[in-house]
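Asker: File follows, final03.txt with compact mmCIF, C-alpha atoms:
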```txt
# COMPACT_ATOMS: atom_id res chain seq x y z
CA MET S 1 -105.97 -93.94 -72.02
CA GLN S 2 -102.21 -94.66 -71.96
CA ASN S 3 -101.25 -91.20 -73.25
CA LYS S 4 -103.18 -89.61 -70.36
CA MET S 5 -101.47 -91.67 -67.67
CA LYS S 6 -98.72 -90.23 -65.50
CA PRO S 7 -95.20 -91.69 -66.00
CA GLY S 8 -95.38 -93.73 -62.79
CA THR S 9 -98.60 -95.36 -63.92
CA MET S 10 -97.20 -96.01 -67.40
CA CYS S 11 -94.18 -97.75 -65.84
CA VAL S 12 -96.56 -100.25 -64.28
CA GLN S 13 -99.52 -100.41 -66.65
CA ALA S 14 -98.56 -99.38 -70.19
CA GLY S 15 -97.86 -101.80 -73.02
CA TRP S 16 -99.81 -104.86 -71.88
CA THR S 17 -103.60 -104.74 -71.44
CA PRO S 18 -104.87 -108.27 -70.83
CA LYS S 19 -108.32 -109.29 -72.02
CA LYS S 20 -110.76 -111.56 -70.23
CA GLY S 21 -109.01 -114.66 -68.99
CA GLU S 22 -105.53 -113.56 -70.13
CA SER S 23 -102.43 -113.39 -67.96
CA ARG S 24 -102.36 -110.32 -65.71
CA VAL S 25 -98.57 -110.34 -65.93
CA LEU S 26 -96.94 -109.90 -69.34
CA PRO S 27 -96.18 -113.46 -70.50
CA ILE S 28 -93.05 -114.65 -72.26
CA PHE S 29 -93.97 -115.65 -75.81
CA GLN S 30 -90.99 -117.98 -76.15
CA SER S 31 -91.62 -118.91 -79.77
CA THR S 32 -89.68 -118.23 -82.93
CA THR S 33 -92.75 -118.48 -85.14
CA PHE S 34 -96.53 -118.04 -85.24
CA LYS S 35 -99.28 -120.01 -87.00
CA TYR S 36 -101.69 -118.80 -89.68
CA GLU S 37 -104.57 -120.54 -91.43
CA THR S 38 -103.95 -119.58 -95.06
CA SER S 39 -101.05 -118.76 -97.31
CA GLU S 40 -102.69 -115.43 -98.16
CA GLN S 41 -102.64 -114.37 -94.49
CA MET S 42 -98.91 -114.98 -94.33
CA ALA S 43 -98.29 -113.23 -97.65
CA ARG S 44 -100.07 -110.09 -96.46
CA LEU S 45 -97.83 -110.00 -93.37
CA PHE S 46 -94.69 -110.23 -95.49
CA ASP S 47 -95.95 -107.42 -97.72
CA LEU S 48 -96.63 -105.21 -94.66
CA GLU S 49 -100.30 -105.05 -95.65
CA ASP S 50 -101.45 -106.57 -92.34
CA SER S 51 -100.01 -106.31 -88.84
CA GLY S 52 -99.25 -109.42 -86.85
CA TYR S 53 -96.59 -111.85 -85.78
CA PHE S 54 -94.88 -114.42 -87.94
CA TYR S 55 -91.21 -114.55 -86.88
CA SER S 56 -89.61 -113.26 -83.68
CA ARG S 57 -86.64 -111.70 -85.45
CA LEU S 58 -89.07 -109.05 -86.68
CA GLN S 59 -91.76 -108.91 -84.02
CA ASN S 60 -92.70 -110.77 -80.87
CA PRO S 61 -95.67 -110.06 -78.55
CA THR S 62 -93.57 -109.87 -75.37
CA VAL S 63 -90.98 -107.62 -76.98
CA ASP S 64 -93.62 -105.41 -78.61
CA ALA S 65 -95.47 -104.92 -75.33
CA VAL S 66 -92.31 -103.61 -73.69
CA GLY S 67 -91.58 -101.44 -76.73
CA SER S 68 -95.07 -99.96 -76.47
CA LYS S 69 -94.49 -99.16 -72.81
CA ILE S 70 -91.20 -97.40 -73.53
CA ALA S 71 -92.71 -95.50 -76.48
CA ALA S 72 -95.51 -94.32 -74.19
CA LEU S 73 -93.01 -93.24 -71.53
CA GLU S 74 -91.02 -91.22 -74.06
CA GLY S 75 -94.09 -89.87 -75.88
CA GLY S 76 -93.24 -91.50 -79.21
CA VAL S 77 -95.32 -93.20 -81.90
CA GLY S 78 -93.42 -96.47 -81.66
CA ALA S 79 -90.26 -98.22 -80.56
CA VAL S 80 -87.93 -100.94 -81.80
CA MET S 81 -86.31 -103.10 -79.14
CA THR S 82 -82.78 -104.27 -79.88
CA SER S 83 -80.34 -106.75 -78.40
CA SER S 84 -78.21 -103.98 -76.85
CA GLY S 85 -77.89 -100.22 -76.51
CA GLN S 86 -75.00 -100.36 -78.95
CA ALA S 87 -77.30 -101.94 -81.55
CA ALA S 88 -79.92 -99.26 -80.85
CA ASN S 89 -77.52 -96.41 -81.62
CA PHE S 90 -76.25 -98.18 -84.73
CA TYR S 91 -79.78 -98.79 -85.99
CA ALA S 92 -80.86 -95.22 -85.27
CA ILE S 93 -78.14 -93.85 -87.55
CA PHE S 94 -78.02 -96.66 -90.12
CA ASN S 95 -81.78 -96.43 -90.70
CA ILE S 96 -81.27 -93.11 -92.52
CA CYS S 97 -77.58 -93.20 -93.51
CA GLN S 98 -75.81 -95.17 -96.22
CA ALA S 99 -72.39 -95.17 -97.86
CA GLY S 100 -71.47 -91.62 -98.84
CA ASP S 101 -73.51 -90.00 -96.07
CA HIS S 102 -72.36 -88.01 -93.06
CA PHE S 103 -73.64 -87.17 -89.61
CA VAL S 104 -72.56 -84.95 -86.73
CA SER S 105 -72.16 -86.16 -83.15
CA ALA S 106 -71.27 -84.68 -79.81
CA SER S 107 -67.80 -85.88 -78.86
CA THR S 108 -68.74 -86.45 -75.23
CA ILE S 109 -70.47 -89.80 -75.67
CA TYR S 110 -69.95 -93.35 -74.45
CA GLY S 111 -66.63 -94.79 -75.63
CA GLY S 112 -68.24 -97.75 -77.37
CA THR S 113 -70.52 -95.41 -79.33
CA TYR S 114 -67.57 -93.16 -80.18
CA ASN S 115 -65.67 -96.13 -81.58
CA LEU S 116 -68.78 -97.37 -83.44
CA PHE S 117 -69.14 -93.99 -85.12
CA SER S 118 -65.47 -93.20 -85.73
CA VAL S 119 -64.20 -96.63 -86.83
CA THR S 120 -66.88 -99.20 -87.68
CA MET S 121 -69.37 -96.94 -89.44
CA LYS S 122 -66.58 -95.37 -91.46
CA LYS S 123 -65.84 -98.86 -92.79
CA LEU S 124 -69.41 -98.80 -94.10
CA GLY S 125 -68.73 -95.51 -95.87
CA ILE S 126 -70.64 -93.37 -93.36
CA ASP S 127 -68.57 -90.44 -92.09
CA VAL S 128 -68.91 -88.58 -88.80
CA THR S 129 -67.69 -85.24 -87.48
CA PHE S 130 -67.40 -84.89 -83.71
CA VAL S 131 -68.17 -81.52 -82.13
CA ASP S 132 -67.92 -80.04 -78.66
CA ALA S 133 -71.52 -80.13 -77.43
CA ASP S 134 -70.84 -77.01 -75.34
CA ALA S 135 -69.61 -75.04 -78.37
CA SER S 136 -71.58 -72.19 -79.89
CA GLU S 137 -74.26 -72.83 -82.51
CA GLU S 138 -71.99 -71.25 -85.11
CA GLU S 139 -69.13 -73.63 -84.30
CA ILE S 140 -71.38 -76.69 -84.45
CA GLN S 141 -73.01 -75.43 -87.65
CA ALA S 142 -69.59 -75.44 -89.31
CA ALA S 143 -69.51 -79.25 -89.05
CA PHE S 144 -72.56 -79.70 -91.30
CA ARG S 145 -72.23 -80.71 -94.95
CA PRO S 146 -74.71 -81.09 -97.81
CA ASN S 147 -74.75 -84.88 -97.17
CA THR S 148 -75.27 -84.60 -93.38
CA LYS S 149 -78.24 -86.73 -92.25
CA ALA S 150 -78.43 -86.41 -88.45
CA LEU S 151 -77.16 -84.77 -85.27
CA PHE S 152 -76.47 -87.09 -82.30
CA GLY S 153 -75.87 -86.52 -78.59
CA GLU S 154 -76.50 -87.90 -75.09
CA THR S 155 -78.85 -86.19 -72.64
CA ILE S 156 -76.31 -86.89 -69.89
CA SER S 157 -72.98 -87.99 -71.31
CA ASN S 158 -71.29 -91.21 -70.29
CA PRO S 159 -68.90 -91.08 -68.44
CA SER S 160 -68.30 -87.32 -68.19
CA VAL S 161 -71.94 -86.68 -67.06
CA ASN S 162 -72.25 -83.40 -68.98
CA VAL S 163 -75.78 -82.17 -69.69
CA LEU S 164 -76.74 -81.60 -73.33
CA ASP S 165 -78.51 -78.39 -74.33
CA LEU S 166 -81.35 -80.14 -76.11
CA GLU S 167 -83.01 -77.04 -77.54
CA LYS S 168 -79.71 -75.83 -79.00
CA PHE S 169 -79.15 -79.15 -80.76
CA VAL S 170 -82.74 -79.12 -82.05
CA ARG S 171 -82.35 -75.61 -83.48
CA ILE S 172 -79.14 -76.50 -85.27
CA ALA S 173 -80.39 -79.80 -86.68
CA HIS S 174 -83.75 -78.51 -87.87
CA LYS S 175 -82.11 -75.48 -89.45
CA ASN S 176 -80.20 -78.01 -91.56
CA GLY S 177 -83.20 -80.21 -92.28
CA VAL S 178 -82.02 -83.25 -90.30
CA PRO S 179 -83.36 -85.06 -87.22
CA VAL S 180 -81.87 -84.94 -83.73
CA ILE S 181 -81.09 -88.34 -82.20
CA VAL S 182 -80.51 -88.34 -78.44
CA ASP S 183 -79.42 -91.19 -76.20
CA ASN S 184 -81.51 -90.75 -73.04
CA THR S 185 -80.09 -93.72 -71.11
CA PHE S 186 -78.86 -91.93 -67.99
CA ALA S 187 -81.79 -89.55 -67.55
CA THR S 188 -84.54 -92.06 -68.43
CA PRO S 189 -88.00 -90.73 -69.38
CA VAL S 190 -88.75 -90.42 -65.66
CA ASN S 191 -86.38 -87.44 -65.42
CA CYS S 192 -86.33 -86.15 -69.01
CA ARG S 193 -88.47 -86.66 -72.11
CA PRO S 194 -86.32 -85.25 -74.95
CA ILE S 195 -89.20 -85.42 -77.45
CA GLU S 196 -90.97 -82.70 -75.44
CA TRP S 197 -87.96 -80.47 -76.17
CA GLY S 198 -88.12 -81.10 -79.93
CA VAL S 199 -85.87 -84.16 -80.24
CA ASP S 200 -86.95 -86.45 -83.07
CA ILE S 201 -85.53 -89.85 -82.15
CA VAL S 202 -84.55 -91.20 -78.72
CA THR S 203 -82.34 -94.20 -77.97
CA HIS S 204 -81.65 -96.17 -74.80
CA SER S 205 -79.40 -98.80 -73.45
CA THR S 206 -82.20 -100.50 -71.52
CA THR S 207 -79.44 -102.51 -69.82
CA LYS S 208 -78.99 -99.58 -67.44
CA TYR S 209 -81.64 -97.88 -65.29
CA MET S 210 -84.62 -99.25 -67.22
CA ASP S 211 -83.65 -102.82 -66.35
CA GLY S 212 -82.11 -101.58 -63.11
CA HIS S 213 -80.80 -104.92 -61.88
CA ALA S 214 -78.00 -105.80 -64.33
CA VAL S 215 -79.73 -108.95 -65.55
CA ALA S 216 -80.64 -108.30 -69.22
CA VAL S 217 -78.76 -106.51 -72.00
CA GLY S 218 -80.99 -104.55 -74.37
CA GLY S 219 -81.66 -101.35 -76.28
CA ALA S 220 -84.49 -99.27 -77.67
CA VAL S 221 -85.07 -96.76 -80.47
CA ILE S 222 -88.12 -94.51 -80.08
CA ASP S 223 -89.53 -92.44 -82.94
CA SER S 224 -91.35 -89.22 -82.06
CA GLY S 225 -93.17 -89.30 -85.39
CA ASN S 226 -92.62 -85.54 -85.63
CA PHE S 227 -89.84 -85.19 -88.19
CA ASP S 228 -91.22 -84.34 -91.63
CA TRP S 229 -89.21 -86.63 -93.91
CA GLU S 230 -91.17 -85.58 -96.99
CA ALA S 231 -90.20 -81.94 -96.42
CA TYR S 232 -86.63 -83.07 -97.19
CA HIS S 233 -87.62 -85.65 -99.78
CA ASP S 234 -84.34 -85.73 -101.69
CA LYS S 235 -82.25 -86.02 -98.52
CA PHE S 236 -84.13 -89.05 -97.15
CA THR S 237 -85.00 -91.05 -100.26
CA CYS S 238 -84.64 -94.25 -98.21
CA LEU S 239 -87.98 -93.26 -96.65
CA THR S 240 -89.60 -91.13 -99.34
CA GLU S 241 -88.97 -93.22 -102.47
CA PRO S 242 -89.83 -96.86 -103.34
CA ASP S 243 -88.06 -99.66 -101.47
CA ASP S 244 -87.20 -102.32 -104.05
CA SER S 245 -86.99 -104.97 -101.31
CA TYR S 246 -90.70 -104.41 -100.60
CA HIS S 247 -92.13 -104.26 -104.13
CA GLY S 248 -91.71 -100.50 -104.36
CA LEU S 249 -93.36 -99.63 -101.03
CA VAL S 250 -92.81 -95.99 -99.94
CA TYR S 251 -92.59 -95.79 -96.14
CA THR S 252 -93.72 -92.18 -95.74
CA LYS S 253 -96.80 -92.77 -97.89
CA ALA S 254 -97.70 -96.14 -96.39
CA PHE S 255 -97.00 -95.43 -92.72
CA GLY S 256 -97.03 -91.65 -92.24
CA LYS S 257 -95.66 -90.68 -88.84
CA ALA S 258 -94.49 -94.25 -88.26
CA ALA S 259 -92.37 -94.35 -91.45
CA TYR S 260 -88.98 -94.26 -89.72
CA ILE S 261 -89.73 -96.87 -87.07
CA THR S 262 -91.52 -99.19 -89.54
CA LYS S 263 -88.57 -99.11 -91.92
CA MET S 264 -86.27 -100.01 -89.03
CA VAL S 265 -88.22 -103.20 -88.36
CA ALA S 266 -89.02 -104.11 -91.95
CA GLN S 267 -85.57 -103.46 -93.39
CA VAL S 268 -82.79 -103.01 -90.81
CA MET S 269 -83.97 -105.58 -88.26
CA ARG S 270 -84.95 -107.94 -91.07
CA ASP S 271 -81.44 -107.86 -92.51
CA LEU S 272 -79.24 -107.43 -89.43
CA GLY S 273 -81.32 -109.23 -86.81
CA ALA S 274 -80.10 -107.69 -83.55
CA MET S 275 -83.47 -108.29 -81.90
CA MET S 276 -84.29 -108.40 -78.21
CA ALA S 277 -85.04 -111.88 -76.87
CA PRO S 278 -88.51 -112.38 -75.34
CA GLU S 279 -87.10 -113.41 -71.95
CA ASN S 280 -84.89 -110.31 -71.84
CA ALA S 281 -87.96 -108.20 -72.64
CA PHE S 282 -89.84 -109.89 -69.80
CA LEU S 283 -87.02 -109.11 -67.34
CA LEU S 284 -86.79 -105.55 -68.64
CA ASN S 285 -90.49 -105.08 -68.04
CA LEU S 286 -90.08 -106.09 -64.41
CA GLY S 287 -87.43 -103.41 -64.05
CA LEU S 288 -89.57 -100.79 -65.75
CA GLU S 289 -92.35 -101.36 -63.20
CA THR S 290 -90.18 -99.81 -60.48
CA LEU S 291 -88.22 -97.29 -62.59
CA HIS S 292 -90.24 -94.35 -61.22
CA LEU S 293 -89.49 -95.48 -57.66
CA ARG S 294 -85.78 -96.19 -58.12
CA MET S 295 -84.74 -93.05 -59.99
CA PRO S 296 -85.55 -90.59 -57.16
CA ARG S 297 -83.48 -92.73 -54.75
CA HIS S 298 -80.55 -92.87 -57.20
CA CYS S 299 -80.68 -89.08 -57.58
CA GLU S 300 -81.03 -88.42 -53.85
CA ASN S 301 -78.11 -90.68 -53.00
CA ALA S 302 -75.92 -89.27 -55.78
CA GLN S 303 -76.58 -85.71 -54.62
CA LYS S 304 -75.39 -86.55 -51.08
CA VAL S 305 -72.35 -88.45 -52.34
CA ALA S 306 -71.43 -85.59 -54.70
CA GLU S 307 -71.66 -83.08 -51.83
CA TYR S 308 -69.50 -85.34 -49.67
CA LEU S 309 -66.86 -85.70 -52.39
CA GLU S 310 -66.83 -82.00 -53.23
CA ALA S 311 -66.07 -81.20 -49.60
CA HIS S 312 -63.38 -83.88 -49.22
CA PRO S 313 -59.80 -82.56 -49.04
CA MET S 314 -58.45 -85.47 -51.10
CA VAL S 315 -60.77 -84.84 -54.04
CA GLU S 316 -59.48 -82.67 -56.89
CA TRP S 317 -62.77 -82.18 -58.72
CA VAL S 318 -66.35 -83.45 -59.00
CA ASN S 319 -68.71 -83.26 -61.98
CA PHE S 320 -72.35 -83.70 -61.03
CA CYS S 321 -74.98 -81.38 -62.43
CA GLY S 322 -76.91 -81.32 -59.15
CA LEU S 323 -74.12 -79.33 -57.51
CA PRO S 324 -74.55 -75.54 -57.66
CA SER S 325 -70.86 -75.32 -58.63
CA SER S 326 -71.41 -77.42 -61.77
CA LYS S 327 -71.24 -75.62 -65.12
CA TYR S 328 -74.24 -77.79 -66.10
CA ASN S 329 -76.39 -76.86 -63.11
CA ALA S 330 -78.52 -74.35 -65.05
CA LEU S 331 -79.12 -76.85 -67.88
CA ALA S 332 -79.99 -79.51 -65.30
CA ASN S 333 -82.52 -77.21 -63.66
CA LYS S 334 -84.06 -76.60 -67.07
CA TYR S 335 -84.14 -80.11 -68.54
CA LEU S 336 -83.89 -82.28 -65.41
CA PRO S 337 -85.78 -80.47 -62.64
CA ASN S 338 -86.67 -83.70 -60.82
CA GLY S 339 -83.09 -85.00 -60.78
CA ALA S 340 -80.54 -86.17 -63.31
CA CYS S 341 -79.27 -89.65 -62.52
CA GLY S 342 -77.13 -91.54 -60.03
CA VAL S 343 -73.87 -91.29 -61.97
CA LEU S 344 -71.13 -88.79 -61.18
CA ALA S 345 -67.53 -88.27 -62.19
CA PHE S 346 -64.66 -87.23 -59.95
CA GLY S 347 -60.88 -87.21 -59.66
CA ILE S 348 -58.77 -87.54 -56.57
CA LYS S 349 -55.53 -85.78 -55.77
CA GLY S 350 -52.48 -87.86 -56.55
CA SER S 351 -51.35 -90.22 -59.29
CA LYS S 352 -53.14 -92.75 -61.47
CA GLU S 353 -51.77 -95.40 -59.14
CA ASP S 354 -53.47 -93.66 -56.21
CA ALA S 355 -56.77 -93.76 -58.05
CA ILE S 356 -56.34 -97.48 -58.76
CA ARG S 357 -55.44 -98.16 -55.12
CA PHE S 358 -58.48 -96.17 -54.02
CA MET S 359 -60.80 -98.24 -56.20
CA ASP S 360 -59.17 -101.52 -55.22
CA THR S 361 -59.77 -100.71 -51.53
CA LEU S 362 -63.51 -100.17 -51.87
CA LYS S 363 -65.61 -102.94 -50.34
CA LEU S 364 -69.29 -102.14 -50.89
CA ILE S 365 -68.74 -100.32 -54.18
CA ALA S 366 -67.68 -102.83 -56.82
CA ILE S 367 -65.37 -102.39 -59.80
CA VAL S 368 -67.52 -103.49 -62.74
CA THR S 369 -68.00 -102.55 -66.39
CA HIS S 370 -71.65 -101.90 -65.77
CA VAL S 371 -73.27 -98.66 -64.67
CA ALA S 372 -76.71 -97.44 -63.57
CA ASP S 373 -78.22 -100.32 -61.66
CA ALA S 374 -79.33 -100.87 -58.07
CA ARG S 375 -75.82 -101.59 -56.78
CA SER S 376 -73.13 -98.94 -56.42
CA CYS S 377 -70.16 -99.45 -58.72
CA ILE S 378 -67.10 -97.65 -60.02
CA LEU S 379 -64.55 -97.80 -62.81
CA HIS S 380 -61.71 -95.84 -64.40
CA PRO S 381 -62.85 -95.21 -68.02
CA ALA S 382 -59.43 -94.28 -69.40
CA SER S 383 -58.09 -97.74 -68.55
CA HIS S 384 -61.36 -99.68 -68.78
CA THR S 385 -64.33 -98.79 -71.03
CA HIS S 386 -62.48 -96.16 -73.08
CA ARG S 387 -59.04 -97.76 -73.27
CA GLN S 388 -59.41 -98.24 -77.06
CA LEU S 389 -59.28 -94.45 -77.53
CA THR S 390 -56.10 -92.44 -78.01
CA ASP S 391 -55.09 -89.77 -75.50
CA GLU S 392 -56.41 -87.11 -77.87
CA GLN S 393 -59.72 -88.94 -78.32
CA LEU S 394 -60.06 -89.35 -74.56
CA ILE S 395 -59.81 -85.61 -74.05
CA GLU S 396 -62.23 -84.98 -76.93
CA ALA S 397 -64.69 -87.43 -75.35
CA GLY S 398 -64.43 -85.58 -72.03
CA VAL S 399 -62.56 -88.40 -70.31
CA ALA S 400 -59.80 -86.95 -68.14
CA PRO S 401 -56.96 -89.36 -67.24
CA ASP S 402 -57.95 -89.23 -63.57
CA LEU S 403 -61.73 -89.49 -64.13
CA MET S 404 -63.50 -92.12 -62.07
CA ARG S 405 -67.12 -92.87 -62.88
CA LEU S 406 -69.12 -93.62 -59.76
CA SER S 407 -72.59 -95.07 -60.22
CA VAL S 408 -74.43 -94.52 -56.96
CA GLY S 409 -76.92 -97.27 -56.21
CA ILE S 410 -80.02 -97.43 -54.05
CA GLU S 411 -78.32 -98.74 -50.90
CA ASP S 412 -78.35 -96.67 -47.72
CA VAL S 413 -76.31 -93.60 -48.60
CA GLU S 414 -74.53 -93.62 -45.23
CA ASP S 415 -73.03 -97.01 -46.08
CA ILE S 416 -71.93 -95.77 -49.51
CA ILE S 417 -70.21 -92.75 -48.02
CA ALA S 418 -68.62 -94.87 -45.28
CA ASP S 419 -67.09 -97.12 -47.94
CA LEU S 420 -65.65 -94.13 -49.78
CA GLU S 421 -64.27 -92.72 -46.53
CA GLN S 422 -62.46 -95.92 -45.56
CA ALA S 423 -60.90 -96.03 -49.03
CA PHE S 424 -59.68 -92.44 -48.67
CA GLN S 425 -58.13 -93.30 -45.32
CA THR S 426 -55.95 -95.98 -46.95
CA LEU S 427 -54.37 -93.26 -49.08
CA GLY S 428 -53.24 -91.47 -45.96
```
Have the structure of the file written as structure tokens, please.
Answerer:
Amino acid sequence: MQNKMKPGTMCVQAGWTPKKGESRVLPIFQSTTFKYETSEQMARLFDLEDSGYFYSRLQNPTVDAVGSKIAALEGGVGAVMTSSGQAANFYAIFNICQAGDHFVSASTIYGGTYNLFSVTMKKLGIDVTFVDADASEEEIQAAFRPNTKALFGETISNPSVNVLDLEKFVRIAHKNGVPVIVDNTFATPVNCRPIEWGVDIVTHSTTKYMDGHAVAVGGAVIDSGNFDWEAYHDKFTCLTEPDDSYHGLVYTKAFGKAAYITKMVAQVMRDLGAMMAPENAFLLNLGLETLHLRMPRHCENAQKVAEYLEAHPMVEWVNFCGLPSSKYNALANKYLPNGACGVLAFGIKGSKEDAIRFMDTLKLIAIVTHVADARSCILHPASHTHRQLTDEQLIEAGVAPDLMRLSVGIEDVEDIIADLEQAFQTLG
């Protein structure tokens, strides 16, 4: 039934199907542990021979219900819910990479993810090569090595809001026998389902639009179940050969299409433990119930704000794929026909100090680290979220020195524009 439901219905109904006398609303299973009647029952759970709950670091009914909803929305076979979007991206790569391995990533990605890949994962012996996502297939192909295990990108990049050519990335990755991992945070499955374009694994910072209210940090990894790990047996032995920590269990043989996502729970979550808390999952589920209603309003408001900014004499440039002038407009029409998101990037004429004064003068639009929730907000990535990057890395990540990231909320758009206008007037 759930696979036949429309996205709006899945936002409300998927994941939790109460039985007679059970709570209509998804309950919070606020328990670390779960009771069984015999030692054998518990042993079978630990050996992955039975499914069930025994410890909330690995699985929890509230968390699993929300994961099932998100997997249904994305069209995947399963999902792992993590404590943050950062953990989700780390898990997605680390689940198939180990010391001595390599992966390729678009350079235009969130600054925290860029630093995770370029600094922290290198300390673990996992190397990365960053590529221009807009480059030709031949140029991106040149970054691949015999030990390359994945290709990573963001559907809509944060904060530069470029649109990824999903089919191009899929062609390149599959030609090299590796999966495509795409962070779909900004688009959400309401506006884009990357798996339908051939993407193998999808990640989210659920902290953003999925939650929608800036109340619960979280992340998700969704497995399409479509990548044939056995076809590249020697490249992905972590999935295709015995796992000594599970008495020689082979994930591809034991779990088929769910091999990747099962290994993530049984091995990576078991050992690293960045799980989503049940209460955070409960709050996330409340946000998901209105995701299909909020996203059109975010997109509608952002379109009007982008048009206003593009026409303003004090604005140097605007990047929003909904504008006909955008170099990503054709890709947006292809992959995001119902709208992209509520985030746009722009630069004003003048100095960095002018940009700071402009932001400091805003009243309705708040300066916060967050992005993509109901309230409009703004920040200057080069001096805020991406300040750990060098000038060269900032340019590589698509972060111009004057770039301001404006996350347009679901307030009345006339009030949002009025706030921007009064701030421009202070610049004279």
Asker: Within 12 Å of stretch 326-334 of chain S, counting all atoms listed in the file, which residues show up once you throw out same-chain ones fewer than 3 positions away? Write them as a PyMOL selection string, please.
Answerer: chain S and resi 133-134+155-157+160-168+187+191-192+194+197+306-307+310+317-323+337-341+344-345
Asker: I'd like to know which of S:Thr188, S:Asn147, S:Thr206, S:Ser376 is closest to S:Met276, using all atoms listed in the file.
Answerer: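 Looking at the shortest contact to S:Met276, the residue is S:Thr206.
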Asker: Just how far from atom CA of S:Thr203 is atom CA of S:Val221, in Å to one decimal?
Answerer: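 Atom CA of S:Thr203 lies at a distance of 4.5 Å from atom CA of S:Val221.
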Asker: Up to 12 Å from (-89.9, -102.6, -63.7) in the file's coordinates: name the residues, counting all atoms listed in the file, as number ranges by chain.
Answerer: S: 8-14, 25-26, 66, 69-70, 206, 208-213, 281-295
Asker: Would you mind exporting the chosen residues as a compact mmCIF listing (two decimals), keeping the file's coordinate frame, restricted to C-alpha atoms?
Answerer:
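Saved to result_36.txt:
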```txt
# COMPACT_ATOMS: atom_id res chain seq x y z
CA GLY S 8 -95.38 -93.73 -62.79
CA THR S 9 -98.60 -95.36 -63.92
CA MET S 10 -97.20 -96.01 -67.40
CA CYS S 11 -94.18 -97.75 -65.84
CA VAL S 12 -96.56 -100.25 -64.28
CA GLN S 13 -99.52 -100.41 -66.65
CA ALA S 14 -98.56 -99.38 -70.19
CA VAL S 25 -98.57 -110.34 -65.93
CA LEU S 26 -96.94 -109.90 -69.34
CA VAL S 66 -92.31 -103.61 -73.69
CA LYS S 69 -94.49 -99.16 -72.81
CA ILE S 70 -91.20 -97.40 -73.53
CA THR S 206 -82.20 -100.50 -71.52
CA LYS S 208 -78.99 -99.58 -67.44
CA TYR S 209 -81.64 -97.88 -65.29
CA MET S 210 -84.62 -99.25 -67.22
CA ASP S 211 -83.65 -102.82 -66.35
CA GLY S 212 -82.11 -101.58 -63.11
CA HIS S 213 -80.80 -104.92 -61.88
CA ALA S 281 -87.96 -108.20 -72.64
CA PHE S 282 -89.84 -109.89 -69.80
CA LEU S 283 -87.02 -109.11 -67.34
CA LEU S 284 -86.79 -105.55 -68.64
CA ASN S 285 -90.49 -105.08 -68.04
CA LEU S 286 -90.08 -106.09 -64.41
CA GLY S 287 -87.43 -103.41 -64.05
CA LEU S 288 -89.57 -100.79 -65.75
CA GLU S 289 -92.35 -101.36 -63.20
CA THR S 290 -90.18 -99.81 -60.48
CA LEU S 291 -88.22 -97.29 -62.59
CA HIS S 292 -90.24 -94.35 -61.22
CA LEU S 293 -89.49 -95.48 -57.66
CA ARG S 294 -85.78 -96.19 -58.12
CA MET S 295 -84.74 -93.05 -59.99
```
Asker: Kindly provide, as AutoDock Vina command-line options, the centre and edge lengths (Å, one decimal) of an axis-aligned box around all atoms of stretch 179-189 of chain S given in the file, with 3 Å on each side.
Answerer:
```
--center_x -83.4 --center_y -89.3 --center_z -77.4 --size_x 15.1 --size_y 14.8 --size_z 25.7
```
Asker: Within 9 Å of (-87.6, -115.1, -83.8) (file coordinates; only C-alpha atoms), which protein or nucleic acid residues are there? I'd like them as a list in words.
Answerer: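 Every residue inside that radius is included here: Gln30, Ser31, Thr32, Thr33, Phe54, Tyr55, Ser56, Arg57, Leu58, Gln59, Asn60, Met275, Ala277 and Pro278 of chain S.
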Asker: Might you pull out every residue within 10 Å of S:Phe227, with all atoms listed in the file counted and same-chain residues fewer than 4 positions away left off, and present them as a VMD selection string?
Answerer: chain S and resid 174 177 to 180 198 to 201 223 231 to 232 257 260
Asker: Which polymer residues have any atom within 8 Å of an atom of S:Arg375, counting only C-alpha atoms, with same-chain residues fewer than 4 positions away left out, as a list in words?
Answerer: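 Those residues are His213, Ile365, Val408, Gly409, Ile410 and Glu411 of chain S.
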Asker: Restricting the calculation to only C-alpha atoms: of S:Ala254, S:Leu420, S:Ala71, S:Leu394, which residue gets closest to S:Leu406?
Answerer: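 Comparing S:Ala254, S:Leu420, S:Ala71, S:Leu394 against S:Leu406, the winner is S:Leu420.
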Asker: Choose the residue, out of S:Asp64, S:Glu230, S:Asp47, S:Asp101, that has the smallest atom-to-atom separation from S:Thr148; count all atoms listed in the file.
Answerer: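 Looking only at the distances to S:Thr148, the closest residue turns out to be S:Asp101.
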Asker: Kindly give the distance, in Å, that separates atom CA of S:Val315 and atom CA of S:Ile348, rounded to a single decimal.
Answerer: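 Spanning atom CA of S:Val315 to atom CA of S:Ile348 is a straight-line distance of 4.2 Å.
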Asker: Contacts of S:Val268 at 8 Å or less, counting all atoms listed in the file, minus same-chain residues fewer than 6 places along, as a ChimeraX atom specification?
Answerer: /S:91,94-95
